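Participant: I'd like to ask some things about the structure below.
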Amino acid sequence: MSTQSGILYVVATPIGNLGDITRRAVQILSEVDFIAVEDTRRSRQLLNHLGIKKPMISLHEHNEQQQAGKLLARMVAGESMALVSDAGTPLISDPGYHLVRQAREQGLVVSPVPGASALMAAMSASGLPTDHFRFEGFLPNRQSARQSRLTELQQERMTLVFYESSHRIIETLTDMNSILGKDREAVLARELTKMYETFLGVNLGEILDALHADANQRKGEFVLVVRGQEKDHDRHEAESADPLLALLLDEMPIKNASRIVAKYLGLKKNDVYKRGLLIQGKRGE
Ligand code: SAM
C-alpha cells in the first residue's frame, strides 16, 4: 500500500467517566479527517465535551459490512480516520471487526489508541485471578442457548468474564447459580467509573440475593467476573493418572511411582501421590 494511504486509528473512549479520555485520543480525534461512530448522538456529546468538530459517519452492526468498503476507499485515497464506539474499546463486544479485518487485508495501517474498557477495569479491581481469563462477552439471549453455554463453561479453569445489561442480569445470575453453583466465587462490577460504582461479592448466591433485596443494585451496566472451576477439575485430572500409577505401584515405592507419573502426565506430584495412596488403600481392603 502506498505511503499516501490514510491510517485507521481504533480509539478507546471512556466507559462513564469523561476524565478517562486519554490525551492521545484527544489528539488523534482532532487530527483525523473523519470519525466512524456507533451512534452519532452519543459521540457528538463526547466530541462537544472535548471541543472537537469533525465529520461523523455512522458504523454499527447492521451497516458495517457495506460501510466498510466506502471508508476503506477514502483511506486508500489518503484520508485518515478514527473508529470509536459508544463507550470503551471498539471491537470489544462492539462494532469494528469487519472494518479492521478488511483494512488489514488491504495492507492499510491500523493503529490502536488504547484506553478504557469495562473488561479490564472490572478484572483489575475484582480480586479474582487475572493471570488467565476467558472473556465471554454477552451470553445468548435465549434461555436454552444461555444454559447450554454455561454448561460448556462449567469445567473451565480460567476466570470467566461476562458483560450483562440490567434487563437480563437476574436471569443470567439465576442460570449461573443453578449451573455453576451458588458457592462459586464471583464479583459483580456495576457502573464502573460512574457515581454509583459498586462491587458485589463474594459468590454467585450472595450476589443474586443482594440484587433481589435491593432494586437499585439491578440498575446500570454490569461486568460479572466468575472464578474458574477448581477442585473438581483437579480431581478429574489427577484421576487420569490412575491406570499408569497402578502399574508402576506394582514395581516401585509410591514416592517414585507418583514422581514419574506426575512428570509424564504434567500433573502435580502431590495430587498424584494422593491418588497413589487411594489405590494402595483399595488394594489393602
Ligand atoms: N466496548 C466496551 C468496552 O470496551 O468495555 C463494551 C461495549 S458493550 C456493548 C456494553 C457492555 O459493557 C455493557 O452492557 C456492560 O456489560 C459493559 N460496560 C460498559 N460500561 C460499563 C460500566 N461503566 N460499568 C460496568 N459495565 C460496563
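We name chains A, B, ... following the order of the C-alpha cells; residues begin at 1 in each chain, and ligands are numbered from 1 as shown.
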Within 8 Å of ligand 1, which residues show up when you count only C-alpha atoms and all ligand atoms? List them as a ChimeraX atom specification, please.
Facilitator: /A:12,15-17,85-94,116-120,122,137-138,162-166,189-194,197,220-224
Participant: Given the selection you just returned, output its residues as a file containing N, CA, C and O atoms, formatted as a compact mmCIF listing (two decimals), in the first residue's frame.
Facilitator:
```txt
# COMPACT_ATOMS: atom_id res chain seq x y z
N ALA A 12 -10.10 4.16 21.90
CA ALA A 12 -10.94 3.87 23.08
C ALA A 12 -11.45 5.18 23.67
O ALA A 12 -10.74 6.19 23.70
N ILE A 15 -15.79 4.80 29.66
CA ILE A 15 -16.94 3.92 29.90
C ILE A 15 -17.90 4.56 30.91
O ILE A 15 -18.74 3.88 31.48
N GLY A 16 -17.78 5.84 31.13
CA GLY A 16 -18.69 6.51 32.05
C GLY A 16 -18.11 7.82 32.55
O GLY A 16 -18.78 8.85 32.56
N ASN A 17 -16.85 7.79 32.91
CA ASN A 17 -16.20 8.98 33.45
C ASN A 17 -15.40 9.68 32.34
O ASN A 17 -14.41 9.13 31.85
N SER A 85 -16.47 3.64 19.51
CA SER A 85 -17.78 3.05 19.77
C SER A 85 -18.47 3.93 20.83
O SER A 85 -17.92 4.94 21.26
N ASP A 86 -19.66 3.51 21.27
CA ASP A 86 -20.38 4.36 22.23
C ASP A 86 -19.58 4.53 23.52
O ASP A 86 -19.62 5.58 24.15
N ALA A 87 -18.89 3.47 23.93
CA ALA A 87 -18.11 3.55 25.17
C ALA A 87 -17.04 2.47 25.16
O ALA A 87 -17.26 1.38 24.63
N GLY A 88 -15.90 2.78 25.71
CA GLY A 88 -14.84 1.78 25.86
C GLY A 88 -14.07 1.54 24.58
O GLY A 88 -13.95 2.42 23.72
N THR A 89 -13.57 0.32 24.44
CA THR A 89 -12.70 -0.02 23.32
C THR A 89 -13.52 -0.63 22.18
O THR A 89 -14.23 -1.62 22.40
N PRO A 90 -13.43 -0.05 20.96
CA PRO A 90 -14.15 -0.64 19.83
C PRO A 90 -13.75 -2.10 19.64
O PRO A 90 -12.63 -2.50 20.01
N LEU A 91 -14.65 -2.88 19.06
CA LEU A 91 -14.46 -4.31 18.77
C LEU A 91 -14.60 -5.22 19.99
O LEU A 91 -14.69 -6.43 19.86
N ILE A 92 -14.56 -4.66 21.21
CA ILE A 92 -14.75 -5.48 22.40
C ILE A 92 -16.25 -5.46 22.68
O ILE A 92 -16.76 -4.50 23.26
N SER A 93 -16.95 -6.50 22.18
CA SER A 93 -18.42 -6.53 22.19
C SER A 93 -19.00 -5.27 21.55
O SER A 93 -20.02 -4.74 22.02
N ASP A 94 -18.35 -4.78 20.55
CA ASP A 94 -18.75 -3.57 19.83
C ASP A 94 -18.37 -3.72 18.36
O ASP A 94 -17.51 -4.54 18.03
N ALA A 116 -9.95 3.12 28.06
CA ALA A 116 -10.87 2.40 28.94
C ALA A 116 -11.51 1.19 28.26
O ALA A 116 -11.77 1.18 27.06
N SER A 117 -11.74 0.16 29.06
CA SER A 117 -12.57 -0.97 28.66
C SER A 117 -13.16 -1.55 29.94
O SER A 117 -12.44 -1.75 30.93
N ALA A 118 -14.47 -1.82 29.90
CA ALA A 118 -15.13 -2.34 31.11
C ALA A 118 -14.52 -3.68 31.52
O ALA A 118 -14.40 -3.97 32.72
N LEU A 119 -14.12 -4.46 30.54
CA LEU A 119 -13.50 -5.77 30.82
C LEU A 119 -12.27 -5.61 31.70
O LEU A 119 -12.15 -6.23 32.76
N MET A 120 -11.35 -4.76 31.28
CA MET A 120 -10.09 -4.59 32.01
C MET A 120 -10.31 -3.88 33.35
O MET A 120 -9.67 -4.21 34.35
N ALA A 122 -12.97 -3.99 35.25
CA ALA A 122 -13.57 -4.93 36.21
C ALA A 122 -12.53 -5.94 36.69
O ALA A 122 -12.40 -6.19 37.90
N GLY A 137 -18.00 -12.06 26.93
CA GLY A 137 -18.92 -11.02 26.46
C GLY A 137 -20.33 -11.29 26.94
O GLY A 137 -20.54 -11.75 28.07
N PHE A 138 -21.30 -11.06 26.06
CA PHE A 138 -22.71 -11.29 26.44
C PHE A 138 -23.07 -12.75 26.21
O PHE A 138 -22.75 -13.32 25.15
N PHE A 162 -17.99 -11.83 31.95
CA PHE A 162 -19.22 -11.66 31.15
C PHE A 162 -19.65 -10.19 31.18
O PHE A 162 -19.47 -9.52 32.21
N TYR A 163 -20.26 -9.74 30.10
CA TYR A 163 -20.95 -8.45 30.09
C TYR A 163 -22.44 -8.74 30.28
O TYR A 163 -22.94 -9.75 29.79
N GLU A 164 -23.13 -7.85 30.97
CA GLU A 164 -24.58 -8.03 31.10
C GLU A 164 -25.27 -6.68 31.27
O GLU A 164 -24.67 -5.72 31.74
N SER A 165 -26.54 -6.64 30.82
CA SER A 165 -27.32 -5.41 30.96
C SER A 165 -28.33 -5.58 32.09
O SER A 165 -28.56 -6.70 32.56
N SER A 166 -28.95 -4.47 32.47
CA SER A 166 -29.90 -4.52 33.59
C SER A 166 -31.13 -5.39 33.23
O SER A 166 -31.75 -5.96 34.11
N ALA A 189 -19.34 -6.26 39.03
CA ALA A 189 -18.89 -4.87 38.96
C ALA A 189 -19.96 -4.06 38.24
O ALA A 189 -20.29 -4.36 37.10
N ARG A 190 -20.49 -3.05 38.91
CA ARG A 190 -21.62 -2.28 38.36
C ARG A 190 -21.23 -0.81 38.21
O ARG A 190 -20.55 -0.25 39.08
N GLU A 191 -21.64 -0.22 37.10
CA GLU A 191 -21.47 1.22 36.87
C GLU A 191 -20.02 1.70 37.09
O GLU A 191 -19.78 2.71 37.77
N LEU A 192 -19.10 0.97 36.52
CA LEU A 192 -17.67 1.29 36.70
C LEU A 192 -17.36 2.72 36.29
O LEU A 192 -17.85 3.19 35.25
N THR A 193 -16.57 3.35 37.07
CA THR A 193 -16.08 4.74 36.88
C THR A 193 -17.19 5.79 37.02
O THR A 193 -16.95 6.97 36.79
N LYS A 194 -18.41 5.36 37.37
CA LYS A 194 -19.53 6.32 37.49
C LYS A 194 -19.86 6.56 38.96
O LYS A 194 -19.29 5.92 39.85
N GLU A 197 -20.71 3.41 41.22
CA GLU A 197 -19.85 2.23 41.04
C GLU A 197 -19.94 1.33 42.27
O GLU A 197 -19.82 1.78 43.41
N GLY A 220 -28.27 -0.20 35.79
CA GLY A 220 -26.98 0.19 35.23
C GLY A 220 -26.35 -0.89 34.37
O GLY A 220 -27.03 -1.76 33.83
N GLU A 221 -25.02 -0.81 34.25
CA GLU A 221 -24.27 -1.74 33.39
C GLU A 221 -23.39 -2.62 34.26
O GLU A 221 -22.88 -2.18 35.29
N PHE A 222 -23.22 -3.86 33.81
CA PHE A 222 -22.53 -4.84 34.67
C PHE A 222 -21.42 -5.60 33.95
O PHE A 222 -21.55 -5.95 32.78
N VAL A 223 -20.39 -5.90 34.72
CA VAL A 223 -19.41 -6.91 34.31
C VAL A 223 -19.39 -7.94 35.43
O VAL A 223 -19.27 -7.59 36.61
N LEU A 224 -19.54 -9.19 35.03
CA LEU A 224 -19.57 -10.27 36.02
C LEU A 224 -18.29 -11.08 35.87
O LEU A 224 -18.00 -11.60 34.80
```
Participant: Might you pull out every residue within 6 Å of Leu160 in chain A, with only C-alpha atoms counted and same-chain residues fewer than 3 positions away left off, and present them as a PyMOL selection string?
Facilitator: chain A and resi 133-134+225-226
Participant: Identify, on the basis of only C-alpha atoms, every residue whose closest approach to Asp183 in chain A does not exceed 10 Å; exclude the query and any residue fewer than 6 positions from it along the same chain; express the result as a PyMOL selection string.
Facilitator: chain A and resi 177+202-206
Participant: Just to be explicit: take each residue in the selection above, keep all heavy atoms, and write the result as an mmCIF file, in the first residue's frame.
Facilitator:
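Saved the output as out-v2.cif:
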```cif
data_model
loop_
_atom_site.group_PDB
_atom_site.id
_atom_site.type_symbol
_atom_site.label_atom_id
_atom_site.label_comp_id
_atom_site.auth_asym_id
_atom_site.auth_seq_id
_atom_site.Cartn_x
_atom_site.Cartn_y
_atom_site.Cartn_z
ATOM 1 N N ASN A 177 -26.310 -19.527 38.960
ATOM 2 C CA ASN A 177 -26.436 -20.185 40.261
ATOM 3 C C ASN A 177 -26.763 -21.653 40.095
ATOM 4 O O ASN A 177 -26.209 -22.507 40.784
ATOM 5 C CB ASN A 177 -27.515 -19.501 41.103
ATOM 6 C CG ASN A 177 -26.931 -18.452 42.018
ATOM 7 O OD1 ASN A 177 -26.592 -18.739 43.162
ATOM 8 N ND2 ASN A 177 -26.754 -17.246 41.514
ATOM 9 N N VAL A 202 -19.603 -12.343 47.640
ATOM 10 C CA VAL A 202 -18.364 -12.974 47.286
ATOM 11 C C VAL A 202 -18.596 -14.225 46.433
ATOM 12 O O VAL A 202 -17.641 -14.800 45.917
ATOM 13 C CB VAL A 202 -17.559 -13.408 48.526
ATOM 14 C CG1 VAL A 202 -17.052 -12.208 49.310
ATOM 15 C CG2 VAL A 202 -18.403 -14.309 49.425
ATOM 16 N N ASN A 203 -19.877 -14.606 46.320
ATOM 17 C CA ASN A 203 -20.161 -15.747 45.439
ATOM 18 C C ASN A 203 -21.489 -15.510 44.712
ATOM 19 O O ASN A 203 -22.214 -14.544 44.998
ATOM 20 C CB ASN A 203 -20.151 -17.075 46.223
ATOM 21 C CG ASN A 203 -21.181 -17.093 47.338
ATOM 22 O OD1 ASN A 203 -22.280 -16.560 47.171
ATOM 23 N ND2 ASN A 203 -20.846 -17.688 48.467
ATOM 24 N N LEU A 204 -21.797 -16.400 43.756
ATOM 25 C CA LEU A 204 -22.975 -16.186 42.895
ATOM 26 C C LEU A 204 -24.264 -16.121 43.700
ATOM 27 O O LEU A 204 -25.162 -15.338 43.400
ATOM 28 C CB LEU A 204 -23.054 -17.290 41.840
ATOM 29 C CG LEU A 204 -21.981 -17.232 40.747
ATOM 30 C CD1 LEU A 204 -21.994 -18.504 39.888
ATOM 31 C CD2 LEU A 204 -22.177 -16.000 39.851
ATOM 32 N N GLY A 205 -24.350 -16.954 44.756
ATOM 33 C CA GLY A 205 -25.559 -16.980 45.580
ATOM 34 C C GLY A 205 -25.771 -15.648 46.285
ATOM 35 O O GLY A 205 -26.873 -15.081 46.268
ATOM 36 N N GLU A 206 -24.721 -15.120 46.880
ATOM 37 C CA GLU A 206 -24.847 -13.857 47.620
ATOM 38 C C GLU A 206 -25.138 -12.681 46.691
ATOM 39 O O GLU A 206 -25.876 -11.758 47.050
ATOM 40 C CB GLU A 206 -23.574 -13.595 48.432
ATOM 41 C CG GLU A 206 -23.464 -14.555 49.601
ATOM 42 C CD GLU A 206 -22.279 -14.261 50.502
ATOM 43 O OE1 GLU A 206 -21.810 -13.105 50.527
ATOM 44 O OE2 GLU A 206 -21.827 -15.203 51.176
#
```
Participant: DSSP says helix (DSSP H, G or I) for which residues of range 1-213 of chain A? Put them as a PyMOL selection string?
Facilitator: chain A and resi 18-20+23-31+40-50+64-76+97-105+118-126+143-153+169-180+204-213
Participant: Could you check which of A:Lys54, A:Arg157, A:Arg146, A:Lys282 is closest to Val32 in chain A, using only C-alpha atoms?
Facilitator: A:Lys54
Participant: If you count only C-alpha atoms, which residues fall within 9 Å of Pro112 in chain A, apart from same-chain ones fewer than 3 positions away, as an MDAnalysis selection string?
Facilitator: chainID A and resid 8:12
Participant: Excluding range 75-79 of chain A and residues on its chain fewer than 2 positions from it, collect all residues at most 7 Å away from it, counting only C-alpha atoms, and give them as a list in words.
Facilitator: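 So the residues in contact are Gln4, Ser5, Gly6, Ile7, Asp33, Leu71, Leu72, Ala73 and Met81 of chain A.
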Participant: Write out the residues from the selection above, keeping N, CA, C and O atoms, as an mmCIF file, in the first residue's frame.
Facilitator:
```cif
data_model
loop_
_atom_site.group_PDB
_atom_site.id
_atom_site.type_symbol
_atom_site.label_atom_id
_atom_site.label_comp_id
_atom_site.auth_asym_id
_atom_site.auth_seq_id
_atom_site.Cartn_x
_atom_site.Cartn_y
_atom_site.Cartn_z
ATOM 1 N N GLN A 4 0.954 7.138 0.866
ATOM 2 C CA GLN A 4 -0.049 8.217 0.899
ATOM 3 C C GLN A 4 -1.372 7.764 1.514
ATOM 4 O O GLN A 4 -2.235 8.581 1.783
ATOM 5 N N SER A 5 -1.529 6.449 1.705
ATOM 6 C CA SER A 5 -2.789 5.967 2.275
ATOM 7 C C SER A 5 -2.962 6.482 3.694
ATOM 8 O O SER A 5 -1.978 6.682 4.412
ATOM 9 N N GLY A 6 -4.227 6.661 4.072
ATOM 10 C CA GLY A 6 -4.501 7.129 5.429
ATOM 11 C C GLY A 6 -4.380 6.000 6.445
ATOM 12 O O GLY A 6 -4.218 4.834 6.082
ATOM 13 N N ILE A 7 -4.473 6.368 7.718
ATOM 14 C CA ILE A 7 -4.357 5.392 8.813
ATOM 15 C C ILE A 7 -5.722 5.231 9.479
ATOM 16 O O ILE A 7 -6.483 6.198 9.597
ATOM 17 N N ASP A 33 -9.361 12.938 9.478
ATOM 18 C CA ASP A 33 -10.270 13.598 8.538
ATOM 19 C C ASP A 33 -11.731 13.355 8.900
ATOM 20 O O ASP A 33 -12.580 14.205 8.675
ATOM 21 N N LEU A 71 -15.464 3.374 3.472
ATOM 22 C CA LEU A 71 -14.485 4.023 4.358
ATOM 23 C C LEU A 71 -13.061 3.677 3.935
ATOM 24 O O LEU A 71 -12.172 4.539 3.918
ATOM 25 N N LEU A 72 -12.867 2.414 3.566
ATOM 26 C CA LEU A 72 -11.518 1.985 3.171
ATOM 27 C C LEU A 72 -11.099 2.697 1.876
ATOM 28 O O LEU A 72 -9.937 3.067 1.718
ATOM 29 N N ALA A 73 -12.061 2.911 0.972
ATOM 30 C CA ALA A 73 -11.729 3.614 -0.282
ATOM 31 C C ALA A 73 -11.227 5.025 0.036
ATOM 32 O O ALA A 73 -10.278 5.513 -0.579
ATOM 33 N N MET A 81 -8.715 8.106 9.402
ATOM 34 C CA MET A 81 -9.982 8.065 10.146
ATOM 35 C C MET A 81 -9.781 7.482 11.546
ATOM 36 O O MET A 81 -8.802 6.774 11.801
#
```
Participant: Got a sec: who's within 10 Å of Lys53 in chain A, counting only C-alpha atoms, leaving out chain neighbours fewer than 3 positions off, as a PyMOL selection string?
Facilitator: chain A and resi 29-30+34+44+47-48+50+56
Participant: Can you write just those residues out, C-alpha atoms, as an mmCIF file, in the first residue's frame?
Facilitator:
```cif
data_model
loop_
_atom_site.group_PDB
_atom_site.id
_atom_site.type_symbol
_atom_site.label_atom_id
_atom_site.label_comp_id
_atom_site.auth_asym_id
_atom_site.auth_seq_id
_atom_site.Cartn_x
_atom_site.Cartn_y
_atom_site.Cartn_z
ATOM 1 C CA LEU A 29 -9.660 12.650 17.182
ATOM 2 C CA SER A 30 -8.684 16.285 16.449
ATOM 3 C CA PHE A 34 -13.410 11.880 9.833
ATOM 4 C CA ARG A 44 -21.429 14.137 19.457
ATOM 5 C CA LEU A 47 -16.793 15.460 20.865
ATOM 6 C CA ASN A 48 -18.631 18.577 22.091
ATOM 7 C CA LEU A 50 -13.728 17.806 24.025
ATOM 8 C CA MET A 56 -19.021 11.689 11.710
#
```
Participant: Which parts of range 101-190 of chain A does DSSP call strand (DSSP E) when run on the backbone here, written out as a compact mmCIF listing (two decimals) with all heavy atoms, in the first residue's frame?
Facilitator:
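Below is the file that was written, states-v6.txt:
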```txt
# COMPACT_ATOMS: atom_id res chain seq x y z
N VAL A 109 -2.66 0.70 7.21
CA VAL A 109 -2.12 0.77 8.58
C VAL A 109 -3.28 0.93 9.56
O VAL A 109 -4.10 1.83 9.43
CB VAL A 109 -1.13 1.95 8.72
CG1 VAL A 109 -0.63 2.06 10.16
CG2 VAL A 109 0.03 1.79 7.76
N VAL A 110 -3.34 0.02 10.54
CA VAL A 110 -4.35 0.10 11.60
C VAL A 110 -3.60 0.29 12.91
O VAL A 110 -2.71 -0.49 13.24
CB VAL A 110 -5.19 -1.19 11.69
CG1 VAL A 110 -6.28 -1.05 12.75
CG2 VAL A 110 -5.81 -1.54 10.35
N SER A 111 -3.95 1.33 13.66
CA SER A 111 -3.18 1.64 14.87
C SER A 111 -4.11 1.84 16.07
O SER A 111 -5.07 2.62 15.98
CB SER A 111 -2.36 2.91 14.61
OG SER A 111 -1.59 3.21 15.73
N PRO A 112 -3.86 1.14 17.18
CA PRO A 112 -4.75 1.31 18.34
C PRO A 112 -4.40 2.54 19.17
O PRO A 112 -3.23 2.89 19.29
CB PRO A 112 -4.47 0.03 19.15
CG PRO A 112 -3.05 -0.30 18.84
CD PRO A 112 -2.79 0.17 17.43
N VAL A 113 -5.42 3.16 19.73
CA VAL A 113 -5.22 4.23 20.71
C VAL A 113 -5.90 3.74 21.98
O VAL A 113 -7.09 3.95 22.19
CB VAL A 113 -5.82 5.56 20.20
CG1 VAL A 113 -5.55 6.67 21.21
CG2 VAL A 113 -5.24 5.92 18.84
N PHE A 133 -7.58 -15.57 31.87
CA PHE A 133 -9.03 -15.36 31.93
C PHE A 133 -9.65 -15.56 30.57
O PHE A 133 -8.96 -15.54 29.54
CB PHE A 133 -9.39 -13.98 32.50
CG PHE A 133 -8.95 -12.81 31.67
CD1 PHE A 133 -9.78 -12.31 30.68
CD2 PHE A 133 -7.73 -12.21 31.90
CE1 PHE A 133 -9.38 -11.23 29.92
CE2 PHE A 133 -7.31 -11.12 31.13
CZ PHE A 133 -8.14 -10.63 30.15
N ARG A 134 -10.96 -15.81 30.59
CA ARG A 134 -11.70 -16.08 29.35
C ARG A 134 -12.83 -15.07 29.25
O ARG A 134 -13.72 -15.06 30.10
CB ARG A 134 -12.23 -17.51 29.43
CG ARG A 134 -13.02 -17.93 28.24
CD ARG A 134 -13.19 -19.42 28.25
NE ARG A 134 -14.16 -19.80 27.26
CZ ARG A 134 -14.40 -21.03 26.89
NH1 ARG A 134 -13.74 -22.03 27.47
NH2 ARG A 134 -15.30 -21.30 25.98
N PHE A 135 -12.77 -14.23 28.23
CA PHE A 135 -13.79 -13.21 28.05
C PHE A 135 -14.92 -13.78 27.22
O PHE A 135 -14.71 -14.19 26.08
CB PHE A 135 -13.17 -11.99 27.36
CG PHE A 135 -14.16 -10.91 27.05
CD1 PHE A 135 -14.95 -10.37 28.06
CD2 PHE A 135 -14.32 -10.43 25.77
CE1 PHE A 135 -15.88 -9.37 27.79
CE2 PHE A 135 -15.24 -9.44 25.48
CZ PHE A 135 -16.02 -8.90 26.50
N GLU A 136 -16.10 -13.81 27.81
CA GLU A 136 -17.26 -14.40 27.12
C GLU A 136 -18.20 -13.33 26.56
O GLU A 136 -19.12 -13.65 25.83
CB GLU A 136 -18.04 -15.31 28.08
CG GLU A 136 -17.39 -16.66 28.27
CD GLU A 136 -17.47 -17.52 27.00
OE1 GLU A 136 -18.55 -17.60 26.39
OE2 GLU A 136 -16.44 -18.10 26.62
N GLY A 137 -18.00 -12.06 26.93
CA GLY A 137 -18.92 -11.02 26.46
C GLY A 137 -20.33 -11.29 26.94
O GLY A 137 -20.54 -11.75 28.07
N PHE A 138 -21.30 -11.06 26.06
CA PHE A 138 -22.71 -11.29 26.44
C PHE A 138 -23.07 -12.75 26.21
O PHE A 138 -22.75 -13.32 25.15
CB PHE A 138 -23.63 -10.42 25.58
CG PHE A 138 -23.53 -8.95 25.87
CD1 PHE A 138 -22.72 -8.13 25.09
CD2 PHE A 138 -24.22 -8.39 26.93
CE1 PHE A 138 -22.61 -6.77 25.35
CE2 PHE A 138 -24.12 -7.02 27.21
CZ PHE A 138 -23.31 -6.22 26.42
N THR A 159 -10.52 -17.78 34.93
CA THR A 159 -11.52 -16.80 35.36
C THR A 159 -12.39 -16.43 34.16
O THR A 159 -11.89 -16.25 33.05
CB THR A 159 -10.79 -15.54 35.89
OG1 THR A 159 -9.99 -15.91 37.00
CG2 THR A 159 -11.78 -14.46 36.31
N LEU A 160 -13.70 -16.36 34.39
CA LEU A 160 -14.65 -16.07 33.31
C LEU A 160 -15.15 -14.63 33.44
O LEU A 160 -15.44 -14.18 34.56
CB LEU A 160 -15.85 -17.00 33.39
CG LEU A 160 -15.55 -18.51 33.27
CD1 LEU A 160 -16.73 -19.33 33.77
CD2 LEU A 160 -15.25 -18.84 31.82
N VAL A 161 -15.24 -13.92 32.34
CA VAL A 161 -15.72 -12.53 32.39
C VAL A 161 -16.89 -12.37 31.42
O VAL A 161 -16.79 -12.74 30.25
CB VAL A 161 -14.61 -11.53 32.00
CG1 VAL A 161 -15.04 -10.11 32.38
CG2 VAL A 161 -13.29 -11.87 32.67
N PHE A 162 -17.99 -11.83 31.95
CA PHE A 162 -19.22 -11.66 31.15
C PHE A 162 -19.65 -10.19 31.18
O PHE A 162 -19.47 -9.52 32.21
CB PHE A 162 -20.37 -12.47 31.74
CG PHE A 162 -20.09 -13.95 31.84
CD1 PHE A 162 -19.51 -14.48 32.99
CD2 PHE A 162 -20.41 -14.81 30.81
CE1 PHE A 162 -19.24 -15.84 33.10
CE2 PHE A 162 -20.15 -16.17 30.91
CZ PHE A 162 -19.57 -16.69 32.06
N TYR A 163 -20.26 -9.74 30.10
CA TYR A 163 -20.95 -8.45 30.09
C TYR A 163 -22.44 -8.74 30.28
O TYR A 163 -22.94 -9.75 29.79
CB TYR A 163 -20.77 -7.75 28.74
CG TYR A 163 -19.44 -7.02 28.58
CD1 TYR A 163 -19.05 -6.54 27.35
CD2 TYR A 163 -18.61 -6.79 29.67
CE1 TYR A 163 -17.85 -5.86 27.19
CE2 TYR A 163 -17.41 -6.11 29.51
CZ TYR A 163 -17.04 -5.65 28.27
OH TYR A 163 -15.85 -4.98 28.11
N GLU A 164 -23.13 -7.85 30.97
CA GLU A 164 -24.58 -8.03 31.10
C GLU A 164 -25.27 -6.68 31.27
O GLU A 164 -24.67 -5.72 31.74
CB GLU A 164 -24.89 -8.97 32.27
CG GLU A 164 -26.28 -9.57 32.23
CD GLU A 164 -26.69 -10.11 30.84
OE1 GLU A 164 -27.12 -9.27 30.00
OE2 GLU A 164 -26.58 -11.31 30.61
N SER A 165 -26.54 -6.64 30.82
CA SER A 165 -27.32 -5.41 30.96
C SER A 165 -28.33 -5.58 32.09
O SER A 165 -28.56 -6.70 32.56
CB SER A 165 -28.08 -5.15 29.65
OG SER A 165 -29.10 -6.11 29.53
N ALA A 186 -17.40 -15.09 42.90
CA ALA A 186 -17.69 -14.17 41.79
C ALA A 186 -17.73 -12.74 42.30
O ALA A 186 -17.91 -12.49 43.50
CB ALA A 186 -19.03 -14.53 41.15
N VAL A 187 -17.56 -11.80 41.38
CA VAL A 187 -17.67 -10.38 41.71
C VAL A 187 -18.51 -9.71 40.62
O VAL A 187 -18.26 -9.91 39.43
CB VAL A 187 -16.27 -9.73 41.76
CG1 VAL A 187 -16.38 -8.21 41.85
CG2 VAL A 187 -15.47 -10.26 42.95
N LEU A 188 -19.51 -8.95 41.05
CA LEU A 188 -20.33 -8.20 40.09
C LEU A 188 -19.91 -6.74 40.15
O LEU A 188 -20.07 -6.08 41.17
CB LEU A 188 -21.81 -8.34 40.45
CG LEU A 188 -22.77 -7.67 39.47
CD1 LEU A 188 -22.73 -8.33 38.10
CD2 LEU A 188 -24.20 -7.71 40.01
N ALA A 189 -19.34 -6.26 39.03
CA ALA A 189 -18.89 -4.87 38.96
C ALA A 189 -19.96 -4.06 38.24
O ALA A 189 -20.29 -4.36 37.10
CB ALA A 189 -17.56 -4.79 38.20
N ARG A 190 -20.49 -3.05 38.91
CA ARG A 190 -21.62 -2.28 38.36
C ARG A 190 -21.23 -0.81 38.21
O ARG A 190 -20.55 -0.25 39.08
CB ARG A 190 -22.80 -2.40 39.33
CG ARG A 190 -24.08 -1.77 38.85
CD ARG A 190 -25.21 -2.05 39.83
NE ARG A 190 -25.10 -1.22 41.02
CZ ARG A 190 -25.72 -0.05 41.17
NH1 ARG A 190 -26.49 0.42 40.22
NH2 ARG A 190 -25.56 0.64 42.28
```
Participant: Can you pull out every residue within 7 Å of range 259-262 of chain A, counting only C-alpha atoms, but drop anything in the same chain fewer than 5 positions away, and send it as a VMD selection string?
Facilitator: chain A and resid 241 245 267 to 269 272
Participant: Export all heavy atoms of the chosen residues as a short mmCIF file (atom, residue, chain, number, x, y, z; two decimals), in the first residue's frame?
Facilitator:
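Listed below is the output, selection-v9.cif:
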```cif
data_model
loop_
_atom_site.label_atom_id
_atom_site.label_comp_id
_atom_site.auth_asym_id
_atom_site.auth_seq_id
_atom_site.Cartn_x
_atom_site.Cartn_y
_atom_site.Cartn_z
N ALA A 241 -4.32 -40.17 36.17
CA ALA A 241 -3.04 -40.82 36.45
C ALA A 241 -3.22 -42.27 36.88
O ALA A 241 -2.26 -43.05 36.88
CB ALA A 241 -2.32 -40.05 37.58
N LEU A 245 -0.31 -45.26 37.13
CA LEU A 245 0.15 -45.30 38.53
C LEU A 245 -0.04 -46.69 39.12
O LEU A 245 0.86 -47.22 39.80
CB LEU A 245 -0.67 -44.25 39.31
CG LEU A 245 -0.23 -43.90 40.71
CD1 LEU A 245 1.21 -43.39 40.72
CD2 LEU A 245 -1.14 -42.82 41.30
N LEU A 267 1.23 -33.48 35.76
CA LEU A 267 0.31 -33.22 36.89
C LEU A 267 1.11 -32.83 38.13
O LEU A 267 2.34 -32.97 38.17
CB LEU A 267 -0.51 -34.49 37.18
CG LEU A 267 -1.40 -34.99 36.05
CD1 LEU A 267 -1.99 -36.36 36.39
CD2 LEU A 267 -2.51 -34.00 35.77
N LYS A 268 0.37 -32.38 39.16
CA LYS A 268 1.06 -32.01 40.41
C LYS A 268 1.45 -33.28 41.15
O LYS A 268 0.61 -34.18 41.34
CB LYS A 268 0.13 -31.17 41.29
CG LYS A 268 -0.02 -29.75 40.81
CD LYS A 268 -0.81 -28.94 41.84
CE LYS A 268 -1.48 -27.75 41.20
NZ LYS A 268 -2.80 -27.47 41.73
N LYS A 269 2.72 -33.31 41.63
CA LYS A 269 3.25 -34.51 42.29
C LYS A 269 2.39 -34.91 43.49
O LYS A 269 2.06 -36.09 43.69
CB LYS A 269 4.69 -34.23 42.74
CG LYS A 269 5.57 -35.45 42.70
CD LYS A 269 7.04 -35.11 42.72
CE LYS A 269 7.41 -34.16 43.85
NZ LYS A 269 8.78 -33.75 43.85
N VAL A 272 -0.91 -36.60 42.51
CA VAL A 272 -0.72 -37.98 42.04
C VAL A 272 -0.39 -38.88 43.23
O VAL A 272 -0.87 -40.02 43.33
CB VAL A 272 0.40 -38.04 40.97
CG1 VAL A 272 0.63 -39.46 40.50
CG2 VAL A 272 0.05 -37.15 39.78
#
```
